[in-house]
$ cat entry.csv   # CSV, C-alpha atoms and all ligand atoms
chain,number,residue,atom,x,y,z
A,1,MET,CA,-14.2,12.8,39.4
A,2,ALA,CA,-13.1,14.5,42.6
A,3,ILE,CA,-13.3,18.2,43.0
A,4,LEU,CA,-10.0,19.7,44.2
A,5,GLY,CA,-10.2,21.1,47.7
A,6,HIS,CA,-12.6,18.3,48.8
A,7,PRO,CA,-11.4,15.2,50.6
A,8,ALA,CA,-11.7,12.2,48.2
A,9,GLY,CA,-15.1,10.6,48.6
A,10,ALA,CA,-16.6,13.7,50.2
A,11,VAL,CA,-17.7,15.3,47.0
A,12,ASP,CA,-21.3,16.4,46.9
A,13,PRO,CA,-22.8,14.3,44.1
A,14,ALA,CA,-25.3,17.2,43.4
A,15,ILE,CA,-22.4,19.3,42.1
A,16,ASP,CA,-21.7,19.1,38.4
A,17,THR,CA,-18.0,18.5,38.3
A,18,THR,CA,-17.8,19.8,34.7
A,19,VAL,CA,-19.2,23.1,35.8
A,20,ALA,CA,-16.9,23.1,38.8
A,21,GLU,CA,-13.8,22.4,36.8
A,22,ALA,CA,-14.6,24.9,34.1
A,23,VAL,CA,-15.2,27.6,36.7
A,24,ARG,CA,-12.0,26.8,38.7
A,25,GLN,CA,-10.0,27.0,35.5
A,26,GLY,CA,-11.6,30.1,34.2
A,27,LEU,CA,-11.4,32.1,37.4
A,28,THR,CA,-7.8,31.3,38.3
A,29,GLN,CA,-6.4,32.5,34.9
A,30,SER,CA,-5.7,36.0,33.8
A,31,PRO,CA,-7.7,37.6,32.3
A,32,LYS,CA,-10.5,35.7,33.9
A,33,ARG,CA,-13.0,34.0,31.7
A,34,LEU,CA,-16.0,31.6,31.9
A,35,PRO,CA,-17.1,29.5,29.0
A,36,SER,CA,-20.3,30.7,27.3
A,37,TRP,CA,-22.1,27.3,27.7
A,38,LEU,CA,-22.4,28.2,31.4
A,39,LEU,CA,-24.9,30.9,30.4
A,40,TYR,CA,-27.5,28.3,29.5
A,41,ASP,CA,-29.1,27.0,32.7
A,42,ALA,CA,-32.9,26.9,32.8
A,43,GLU,CA,-33.1,30.7,33.5
A,44,GLY,CA,-30.4,31.5,31.0
A,45,SER,CA,-32.2,29.5,28.3
A,46,ARG,CA,-35.5,31.3,29.1
A,47,LEU,CA,-33.7,34.7,28.9
A,48,PHE,CA,-32.2,33.9,25.6
A,49,ALA,CA,-35.6,32.9,24.3
A,50,ASP,CA,-36.8,36.4,25.3
A,51,ILE,CA,-33.7,38.0,23.7
A,52,MET,CA,-34.6,36.5,20.4
A,53,HIS,CA,-37.8,38.7,20.4
A,54,LEU,CA,-36.0,41.9,21.2
A,55,PRO,CA,-36.3,44.8,18.7
A,56,GLU,CA,-32.5,45.2,18.7
A,57,TYR,CA,-31.8,41.5,18.3
A,58,TYR,CA,-32.2,41.4,14.5
A,59,LEU,CA,-30.6,37.9,14.0
A,60,THR,CA,-33.6,35.8,14.7
A,61,ARG,CA,-36.0,37.8,12.5
A,62,ALA,CA,-33.5,37.9,9.7
A,63,GLU,CA,-33.1,34.1,9.8
A,64,TYR,CA,-36.8,33.5,9.9
A,65,GLU,CA,-37.1,35.7,6.8
A,66,ILE,CA,-34.6,33.6,4.9
A,67,LEU,CA,-36.1,30.3,5.9
A,68,GLU,CA,-39.6,31.4,4.9
A,69,GLN,CA,-38.5,33.0,1.7
A,70,TYR,CA,-36.4,30.2,0.4
A,71,GLN,CA,-38.3,27.1,1.5
A,72,ASP,CA,-38.4,25.8,-2.0
A,73,ASP,CA,-34.7,26.4,-2.6
A,74,PHE,CA,-33.9,24.5,0.5
A,75,LEU,CA,-36.0,21.5,-0.6
A,76,ARG,CA,-34.5,21.5,-4.1
A,77,ALA,CA,-31.0,21.5,-2.5
A,78,PHE,CA,-31.8,18.7,-0.1
A,79,GLN,CA,-33.7,16.6,-2.6
A,80,PRO,CA,-32.4,17.3,-6.1
A,81,ASP,CA,-33.2,13.7,-7.0
A,82,GLU,CA,-35.5,10.9,-5.6
A,83,LYS,CA,-33.1,10.2,-2.8
A,84,PRO,CA,-34.7,10.5,0.7
A,85,PHE,CA,-32.8,12.7,3.2
A,86,ARG,CA,-32.3,12.8,6.9
A,87,LEU,CA,-32.3,16.3,8.6
A,88,VAL,CA,-30.1,16.6,11.6
A,89,GLY,CA,-30.8,19.7,13.7
A,90,LEU,CA,-27.7,20.5,15.8
A,91,GLY,CA,-28.8,22.5,18.9
A,92,SER,CA,-32.5,22.2,17.8
A,93,GLY,CA,-33.8,23.9,21.0
A,94,ASP,CA,-37.5,24.5,20.7
A,95,GLY,CA,-37.2,23.7,16.9
A,96,LEU,CA,-39.3,26.8,15.9
A,97,LYS,CA,-37.0,27.7,13.0
A,98,THR,CA,-36.8,24.1,11.8
A,99,LYS,CA,-40.6,23.7,11.9
A,100,ILE,CA,-40.8,26.3,9.1
A,101,LEU,CA,-38.9,23.9,6.9
A,102,LEU,CA,-40.5,20.7,8.2
A,103,GLU,CA,-44.0,22.2,7.5
A,104,HIS,CA,-43.1,23.1,4.0
A,105,PHE,CA,-41.3,19.7,3.3
A,106,ARG,CA,-44.4,17.9,4.6
A,107,SER,CA,-46.7,19.9,2.3
A,108,ARG,CA,-44.5,18.9,-0.7
A,109,GLN,CA,-44.6,15.2,0.3
A,110,ALA,CA,-40.8,15.2,0.7
A,111,ARG,CA,-39.3,11.9,1.9
A,112,PHE,CA,-37.3,12.7,5.0
A,113,THR,CA,-36.7,11.9,8.7
A,114,TYR,CA,-35.7,14.3,11.5
A,115,VAL,CA,-32.9,13.9,14.1
A,116,PRO,CA,-33.0,16.8,16.6
A,117,VAL,CA,-29.8,17.0,18.7
A,118,ASP,CA,-29.6,19.1,21.9
A,119,ILE,CA,-27.8,19.1,25.2
A,120,SER,CA,-31.0,19.8,27.0
A,121,GLY,CA,-33.0,16.6,27.5
A,122,GLU,CA,-36.1,18.6,28.5
A,123,ALA,CA,-36.1,20.7,25.3
A,124,LEU,CA,-35.7,17.6,23.2
A,125,ARG,CA,-38.6,15.8,25.0
A,126,GLN,CA,-40.9,18.7,24.4
A,127,LEU,CA,-39.9,19.1,20.8
A,128,THR,CA,-40.3,15.4,20.0
A,129,ALA,CA,-43.7,15.1,21.7
A,130,ASP,CA,-44.9,18.2,19.9
A,131,LEU,CA,-43.7,16.9,16.5
A,132,ARG,CA,-45.2,13.5,17.1
A,133,GLU,CA,-48.5,14.9,17.9
A,134,ARG,CA,-48.5,17.2,14.9
A,135,TRP,CA,-47.2,14.8,12.4
A,136,PRO,CA,-47.7,11.2,13.8
A,137,ASP,CA,-46.0,9.6,10.7
A,138,LEU,CA,-42.9,11.7,10.7
A,139,VAL,CA,-39.9,9.7,11.9
A,140,VAL,CA,-38.2,11.7,14.7
A,141,GLU,CA,-35.1,10.2,16.4
A,142,PRO,CA,-33.9,12.6,19.1
A,143,VAL,CA,-30.3,12.6,20.3
A,144,GLU,CA,-29.4,14.1,23.7
A,145,ASP,CA,-25.7,15.1,23.3
A,146,ASP,CA,-23.4,18.0,22.6
A,147,TYR,CA,-22.8,19.0,19.0
A,148,VAL,CA,-19.4,17.5,18.5
A,149,LYS,CA,-20.0,14.2,20.3
A,150,ALA,CA,-23.4,13.8,18.6
A,151,LEU,CA,-21.7,13.8,15.1
A,152,SER,CA,-20.1,10.4,15.7
A,153,ASN,CA,-23.0,9.0,17.7
A,154,LEU,CA,-25.9,9.5,15.3
A,155,PRO,CA,-28.2,6.6,14.7
A,156,LYS,CA,-27.2,4.6,11.6
A,157,ARG,CA,-28.8,6.0,8.5
A,158,PRO,CA,-30.5,3.8,5.9
A,159,ALA,CA,-28.4,3.2,2.8
A,160,GLY,CA,-29.0,5.7,0.0
A,161,THR,CA,-30.1,8.5,2.3
A,162,ARG,CA,-28.5,12.0,2.0
A,163,GLN,CA,-27.7,13.6,5.4
A,164,VAL,CA,-28.4,17.3,5.8
A,165,VAL,CA,-27.1,18.9,9.0
A,166,LEU,CA,-28.8,22.2,10.1
A,167,PHE,CA,-26.6,24.4,12.3
A,168,LEU,CA,-28.8,27.5,12.6
A,169,GLY,CA,-28.9,30.6,14.8
A,170,SER,CA,-25.4,31.8,14.3
A,171,ASN,CA,-24.2,29.4,17.0
A,172,VAL,CA,-21.0,29.1,15.0
A,173,GLY,CA,-20.4,32.7,16.1
A,174,ASN,CA,-19.9,31.6,19.7
A,175,PHE,CA,-16.8,29.5,18.6
A,176,THR,CA,-13.3,31.0,18.4
A,177,PRO,CA,-11.9,30.7,14.9
A,178,GLU,CA,-9.9,27.6,16.0
A,179,GLU,CA,-13.0,26.0,17.5
A,180,ALA,CA,-15.0,26.8,14.4
A,181,LEU,CA,-12.4,25.2,12.1
A,182,TYR,CA,-12.2,22.1,14.3
A,183,PHE,CA,-16.0,21.8,14.4
A,184,TYR,CA,-16.4,22.0,10.6
A,185,ARG,CA,-13.6,19.6,10.0
A,186,GLU,CA,-15.2,17.1,12.4
A,187,LEU,CA,-18.5,17.6,10.5
A,188,TYR,CA,-16.7,16.9,7.3
A,189,ARG,CA,-15.1,13.8,8.7
A,190,ASN,CA,-18.4,12.4,9.8
A,191,LEU,CA,-20.3,13.0,6.6
A,192,GLN,CA,-20.2,11.5,3.1
A,193,PRO,CA,-19.9,13.0,-0.4
A,194,GLY,CA,-23.2,14.7,-1.4
A,195,ASP,CA,-24.2,15.4,2.3
A,196,LEU,CA,-25.0,19.0,3.2
A,197,VAL,CA,-24.5,21.4,6.1
A,198,VAL,CA,-26.7,24.5,6.4
A,199,SER,CA,-25.2,27.1,8.7
A,200,GLY,CA,-26.6,30.4,9.9
A,201,PHE,CA,-23.9,33.2,9.9
A,202,ASP,CA,-24.5,36.7,11.3
A,203,LEU,CA,-22.8,39.0,8.8
A,204,GLN,CA,-20.6,42.0,9.5
A,205,LYS,CA,-22.5,45.3,9.2
A,206,HIS,CA,-22.7,48.7,10.7
A,207,PRO,CA,-21.0,48.3,14.1
A,208,ALA,CA,-23.7,50.3,15.8
A,209,ILE,CA,-26.4,47.8,14.8
A,210,ILE,CA,-24.4,44.9,16.2
A,211,HIS,CA,-23.5,46.9,19.3
A,212,ALA,CA,-27.2,47.6,20.0
A,213,ALA,CA,-28.1,43.9,19.6
A,214,TYR,CA,-26.0,43.1,22.7
A,215,ASN,CA,-26.8,46.2,24.7
A,216,ASP,CA,-30.6,46.2,24.5
A,217,GLU,CA,-32.7,48.9,26.2
A,218,ALA,CA,-34.8,46.4,28.2
A,219,GLY,CA,-31.6,45.0,29.8
A,220,LEU,CA,-32.3,41.4,28.9
A,221,THR,CA,-28.7,40.8,27.6
A,222,ARG,CA,-27.4,42.2,30.9
A,223,ALA,CA,-29.7,39.9,32.9
A,224,PHE,CA,-28.6,37.0,30.7
A,225,ASN,CA,-24.9,37.7,31.4
A,226,LEU,CA,-25.3,38.3,35.1
A,227,ASN,CA,-27.4,35.2,35.5
A,228,LEU,CA,-24.2,33.2,35.1
A,229,LEU,CA,-23.1,34.5,38.5
A,230,HIS,CA,-26.5,33.6,40.0
A,231,ARG,CA,-26.0,30.1,38.6
A,232,LEU,CA,-22.6,29.8,40.3
A,233,ASN,CA,-24.1,31.0,43.6
A,234,ARG,CA,-26.7,28.3,43.3
A,235,GLU,CA,-24.7,25.4,41.9
A,236,LEU,CA,-21.3,26.0,43.6
A,237,GLY,CA,-22.3,27.7,46.8
A,238,ALA,CA,-20.5,30.9,45.7
A,239,ASP,CA,-21.2,34.3,47.2
A,240,PHE,CA,-21.2,36.6,44.1
A,241,ASP,CA,-22.9,39.9,44.9
A,242,LEU,CA,-24.6,40.6,41.6
A,243,ALA,CA,-24.9,44.3,42.4
A,244,ALA,CA,-21.1,44.4,42.5
A,245,PHE,CA,-20.9,43.4,38.8
A,246,ASP,CA,-21.8,45.2,35.6
A,247,HIS,CA,-22.5,43.9,32.0
A,248,TYR,CA,-20.2,45.3,29.4
A,249,GLU,CA,-20.4,44.2,25.7
A,250,THR,CA,-18.3,45.7,23.0
A,251,TYR,CA,-18.0,45.1,19.3
A,252,PHE,CA,-14.6,45.2,17.5
A,253,PRO,CA,-15.3,45.8,13.8
A,254,GLU,CA,-11.8,45.0,12.8
A,255,THR,CA,-12.1,41.4,14.0
A,256,GLY,CA,-15.9,41.0,13.7
A,257,GLU,CA,-16.0,40.0,17.4
A,258,ALA,CA,-18.7,41.1,19.9
A,259,ARG,CA,-17.3,40.3,23.3
A,260,SER,CA,-19.3,40.0,26.5
A,261,TYR,CA,-17.8,40.8,29.9
A,262,LEU,CA,-18.8,40.9,33.5
A,263,VAL,CA,-17.0,43.8,35.3
A,264,SER,CA,-16.3,43.8,39.0
A,265,CYS,CA,-17.1,47.4,40.0
A,266,PRO,CA,-15.4,47.5,43.4
A,267,ALA,CA,-12.3,45.6,44.4
A,268,HIS,CA,-13.6,42.6,46.4
A,269,ARG,CA,-13.3,38.9,47.0
A,270,VAL,CA,-15.7,36.0,46.2
A,271,TYR,CA,-15.7,32.6,47.9
A,272,LEU,CA,-16.8,29.5,46.0
A,273,LYS,CA,-17.7,26.9,48.6
A,274,ALA,CA,-17.8,23.9,46.3
A,275,LEU,CA,-14.3,24.7,45.1
A,276,ASP,CA,-13.0,25.9,48.4
A,277,LEU,CA,-11.6,28.8,46.4
A,278,THR,CA,-11.4,32.5,47.1
A,279,VAL,CA,-11.1,34.7,44.0
A,280,SER,CA,-9.9,38.3,44.3
A,281,PHE,CA,-11.1,41.0,41.9
A,282,GLU,CA,-9.5,44.4,41.3
A,283,ALA,CA,-11.8,47.4,40.8
A,284,GLY,CA,-12.8,47.3,37.1
A,285,GLU,CA,-11.5,43.8,36.5
A,286,ILE,CA,-13.3,41.8,33.8
A,287,ILE,CA,-14.5,38.2,33.4
A,288,HIS,CA,-14.9,37.4,29.7
A,289,THR,CA,-18.1,35.4,29.2
A,290,GLU,CA,-18.9,35.2,25.5
A,291,ILE,CA,-17.7,35.8,22.0
A,292,SER,CA,-20.3,36.4,19.2
A,293,ARG,CA,-18.4,36.5,15.9
A,294,LYS,CA,-19.8,38.3,12.9
A,295,PHE,CA,-18.6,37.0,9.5
A,296,SER,CA,-17.5,38.4,6.1
A,297,ARG,CA,-18.2,36.5,3.0
A,298,ALA,CA,-14.5,35.9,2.5
A,299,GLY,CA,-14.2,34.5,6.1
A,300,ILE,CA,-17.0,32.0,5.4
A,301,GLU,CA,-15.5,31.0,2.1
A,302,GLN,CA,-12.2,30.4,3.9
A,303,LEU,CA,-13.8,28.4,6.6
A,304,ALA,CA,-15.5,26.2,4.0
A,305,ALA,CA,-12.4,25.7,2.0
A,306,GLU,CA,-10.2,24.9,5.0
A,307,SER,CA,-12.6,22.3,6.2
A,308,GLY,CA,-13.0,20.7,2.8
A,309,PHE,CA,-16.6,21.9,1.9
A,310,ARG,CA,-17.8,23.5,-1.3
A,311,ILE,CA,-20.4,26.3,-0.9
A,312,THR,CA,-23.5,25.6,-3.1
A,313,ALA,CA,-25.9,28.3,-1.9
A,314,TRP,CA,-25.7,31.7,-0.2
A,315,LEU,CA,-29.1,33.0,1.0
A,316,THR,CA,-29.5,36.3,2.8
A,317,ASP,CA,-32.4,38.4,4.2
A,318,ASN,CA,-33.3,41.5,2.2
A,319,ARG,CA,-31.1,43.8,4.3
A,320,GLY,CA,-28.1,41.5,4.0
A,321,TYR,CA,-27.7,41.1,7.7
A,322,PHE,CA,-27.7,37.3,8.0
A,323,ALA,CA,-26.8,34.4,5.7
A,324,GLU,CA,-27.8,30.8,5.5
A,325,VAL,CA,-25.0,29.1,3.6
A,326,ILE,CA,-25.1,25.6,2.2
A,327,PHE,CA,-21.9,23.6,2.4
A,328,GLU,CA,-21.5,20.4,0.4
A,329,VAL,CA,-19.2,17.5,1.1
A,330,VAL,CA,-17.2,16.9,-2.2
B,1,LIG,C1,-26.7,31.7,20.9
B,1,LIG,N1,-25.9,32.8,20.3
B,1,LIG,C2,-25.9,32.7,18.8
B,1,LIG,C3,-26.3,34.2,20.8
B,1,LIG,C4,-25.4,35.2,20.1
B,1,LIG,O1,-25.9,36.2,19.5
B,1,LIG,O2,-24.2,35.1,20.2
B,1,LIG,C5,-26.2,34.3,22.3
B,1,LIG,C6,-26.5,35.7,22.8
B,1,LIG,N2,-25.7,36.3,23.6
B,1,LIG,C7,-26.2,37.5,23.9
B,1,LIG,N3,-27.3,37.7,23.2
B,1,LIG,C8,-27.5,36.5,22.5
$ encode --input "entry.csv" --output "structure tokens"
Amino acid sequence: MAILGHPAGAVDPAIDTTVAEAVRQGLTQSPKRLPSWLLYDAEGSRLFADIMHLPEYYLTRAEYEILEQYQDDFLRAFQPDEKPFRLVGLGSGDGLKTKILLEHFRSRQARFTYVPVDISGEALRQLTADLRERWPDLVVEPVEDDYVKALSNLPKRPAGTRQVVLFLGSNVGNFTPEEALYFYRELYRNLQPGDLVVSGFDLQKHPAIIHAAYNDEAGLTRAFNLNLLHRLNRELGADFDLAAFDHYETYFPETGEARSYLVSCPAHRVYLKALDLTVSFEAGEIIHTEISRKFSRAGIEQLAAESGFRITAWLTDNRGYFAEVIFEVV
């Protein structure tokens, strides 16, 4: 696919046209926005791994607590009968959370296979090698793809196997309401009666707690957000001056949306060589980079109902910050 502004056939093959097109589209609209998947280059993924350990970022600890505390409940839900099941981990990453369940299921001699799905081939290779070394007889079938495409491209499952899709980490929060509904409807369409989806939802709570999670003292969330500009400098030959931008994250309790912005402090221009595009910024102008939605129970129930699922379990940490919710295809 040619990049606009370049003569046909003269496109640098090293430039990712998906990135280029997303950036052109995002920076030429008003207000400016860049899709949040751009945050996850190698450095962004490393920064996010560090964010998960921050004292303010309660989400990961809350989710670990639930997975550890309710291991037996998960197994009973996944295997209420003798039927084997297939665990599909969407956005499995380093698989740390899933390993809590895998370990427990192994210790109970559960009959299951594991299909980790991730857009990062490197993360998948590492996870698969690690699992095969640890449990040589566990069947692991990695799929390198994005969540939605992966749903219709999964390896064929043996007859009589229940499918259990894990969508952990509050990744659903990074979807707009329309995207979330589309995603769960697609899930439903690709599953069969009796199949399950386990989703992690960050719940609405005191706004100051949420605000702090995205404005950490150590400045890692700031670095994570600004790294996006660094990525564009490297991949698209842009000349963003990172010192000219600020991180601004705010939480709207009325909508449950935490929104992340990059703010241009002075009025200035940026040139993106690969797009042959000059972008002007007013002083104080924003680029919207991420939405992290927080859910109410009613909102989750509505999402389940509108996509066709029935909720069969609602598991929270002891502070009620986070929920793992099991949806069943009926
Ligand atoms: C990956 N996702 C669920 C994180 C979140 O909380 O929305 C990404 C993140 N952004 C800033 N901090 C963490």
$ atom_distance --input "entry.csv" --atom1 "atom CA of A:Asp241" --atom2 "atom CA of A:Asp50"
24.3 Å
$ closest_atom_pairs --input "entry.csv" --of "chain A" --to "ligand LIG 1 (chain B)" --cutoff "9 Å" --atoms "only C-alpha atoms and all ligand atoms" --output "JSON lines"
{"residue": "A:Ser36", "atom": "CA", "partner": "B:LIG1", "partner_atom": "C5", "distance": 8.5}
{"residue": "A:Leu39", "atom": "CA", "partner": "B:LIG1", "partner_atom": "N2", "distance": 8.7}
{"residue": "A:Phe48", "atom": "CA", "partner": "B:LIG1", "partner_atom": "C8", "distance": 6.2}
{"residue": "A:Ile51", "atom": "CA", "partner": "B:LIG1", "partner_atom": "N3", "distance": 6.4}
{"residue": "A:Met52", "atom": "CA", "partner": "B:LIG1", "partner_atom": "C8", "distance": 7.4}
{"residue": "A:Tyr57", "atom": "CA", "partner": "B:LIG1", "partner_atom": "N3", "distance": 7.7}
{"residue": "A:Leu59", "atom": "CA", "partner": "B:LIG1", "partner_atom": "O1", "distance": 7.4}
{"residue": "A:Leu168", "atom": "CA", "partner": "B:LIG1", "partner_atom": "C2", "distance": 8.6}
{"residue": "A:Gly169", "atom": "CA", "partner": "B:LIG1", "partner_atom": "C2", "distance": 5.4}
{"residue": "A:Ser170", "atom": "CA", "partner": "B:LIG1", "partner_atom": "C2", "distance": 4.6}
{"residue": "A:Asn171", "atom": "CA", "partner": "B:LIG1", "partner_atom": "C2", "distance": 4.1}
{"residue": "A:Val172", "atom": "CA", "partner": "B:LIG1", "partner_atom": "C2", "distance": 7.2}
{"residue": "A:Gly173", "atom": "CA", "partner": "B:LIG1", "partner_atom": "O2", "distance": 6.1}
{"residue": "A:Asn174", "atom": "CA", "partner": "B:LIG1", "partner_atom": "O2", "distance": 5.6}
{"residue": "A:Asp202", "atom": "CA", "partner": "B:LIG1", "partner_atom": "O1", "distance": 8.3}
{"residue": "A:Ala213", "atom": "CA", "partner": "B:LIG1", "partner_atom": "N3", "distance": 7.2}
{"residue": "A:Tyr214", "atom": "CA", "partner": "B:LIG1", "partner_atom": "N3", "distance": 5.6}
{"residue": "A:Asn215", "atom": "CA", "partner": "B:LIG1", "partner_atom": "N3", "distance": 8.6}
{"residue": "A:Leu220", "atom": "CA", "partner": "B:LIG1", "partner_atom": "N3", "distance": 8.4}
{"residue": "A:Thr221", "atom": "CA", "partner": "B:LIG1", "partner_atom": "C7", "distance": 5.6}
{"residue": "A:Arg222", "atom": "CA", "partner": "B:LIG1", "partner_atom": "C7", "distance": 8.5}
{"residue": "A:Phe224", "atom": "CA", "partner": "B:LIG1", "partner_atom": "C7", "distance": 7.2}
{"residue": "A:Asn225", "atom": "CA", "partner": "B:LIG1", "partner_atom": "C7", "distance": 7.6}
{"residue": "A:Ala258", "atom": "CA", "partner": "B:LIG1", "partner_atom": "O2", "distance": 8.1}
{"residue": "A:Ser260", "atom": "CA", "partner": "B:LIG1", "partner_atom": "C7", "distance": 7.8}
{"residue": "A:Glu290", "atom": "CA", "partner": "B:LIG1", "partner_atom": "N2", "distance": 7.1}
{"residue": "A:Ile291", "atom": "CA", "partner": "B:LIG1", "partner_atom": "O2", "distance": 6.8}
{"residue": "A:Ser292", "atom": "CA", "partner": "B:LIG1", "partner_atom": "O2", "distance": 4.2}
{"residue": "A:Arg293", "atom": "CA", "partner": "B:LIG1", "partner_atom": "O2", "distance": 7.4}
$ residues_around --input "entry.csv" --residues "stretch 132-140 of chain A" --least-positions-apart "5" --cutoff "10 Å" --atoms "all atoms listed in the file" --output "list of chain:residue names"
A:Arg86, A:Leu87, A:Val88, A:Leu102, A:Glu103, A:Arg106, A:Arg111, A:Phe112, A:Thr113, A:Tyr114, A:Val115, A:Pro116, A:Gln126, A:Leu127
$ closest_residue --input "entry.csv" --among "A:Ala62, A:Glu235, A:Asp130, A:Asn190" --to "A:Leu38" --atoms "all atoms listed in the file"
A:Glu235
$ residues_around --input "entry.csv" --residues "A:Ser280" --least-positions-apart "6" --cutoff "12 Å" --atoms "only C-alpha atoms" --output "JSON list (two decimals) with C-alpha atoms, in the coordinates of the input"
[["chain", "number", "residue", "atom", "x", "y", "z"],
["A", 27, "LEU", "CA", -11.40, 32.10, 37.40],
["A", 28, "THR", "CA", -7.80, 31.30, 38.30],
["A", 29, "GLN", "CA", -6.40, 32.50, 34.90],
["A", 30, "SER", "CA", -5.70, 36.00, 33.80],
["A", 32, "LYS", "CA", -10.50, 35.70, 33.90],
["A", 240, "PHE", "CA", -21.20, 36.60, 44.10],
["A", 264, "SER", "CA", -16.30, 43.80, 39.00],
["A", 266, "PRO", "CA", -15.40, 47.50, 43.40],
["A", 267, "ALA", "CA", -12.30, 45.60, 44.40],
["A", 268, "HIS", "CA", -13.60, 42.60, 46.40],
["A", 269, "ARG", "CA", -13.30, 38.90, 47.00],
["A", 270, "VAL", "CA", -15.70, 36.00, 46.20],
["A", 271, "TYR", "CA", -15.70, 32.60, 47.90],
["A", 272, "LEU", "CA", -16.80, 29.50, 46.00],
["A", 286, "ILE", "CA", -13.30, 41.80, 33.80],
["A", 287, "ILE", "CA", -14.50, 38.20, 33.40]]
$ residues_around --input "entry.csv" --residues "A:Arg33" --least-positions-apart "2" --cutoff "7 Å" --atoms "only C-alpha atoms" --output "PyMOL selection string"
chain A and resi 26-27+31+35+287-289
$ closest_residue --input "entry.csv" --among "A:His104, A:Phe201, A:Glu82, A:Glu141" --to "A:Gly160" --atoms "all atoms listed in the file"
A:Glu82
$ closest_residue --input "entry.csv" --among "A:Leu203, A:Leu96, A:Val198, A:Leu90" --to "A:Leu154" --atoms "only C-alpha atoms"
A:Leu90
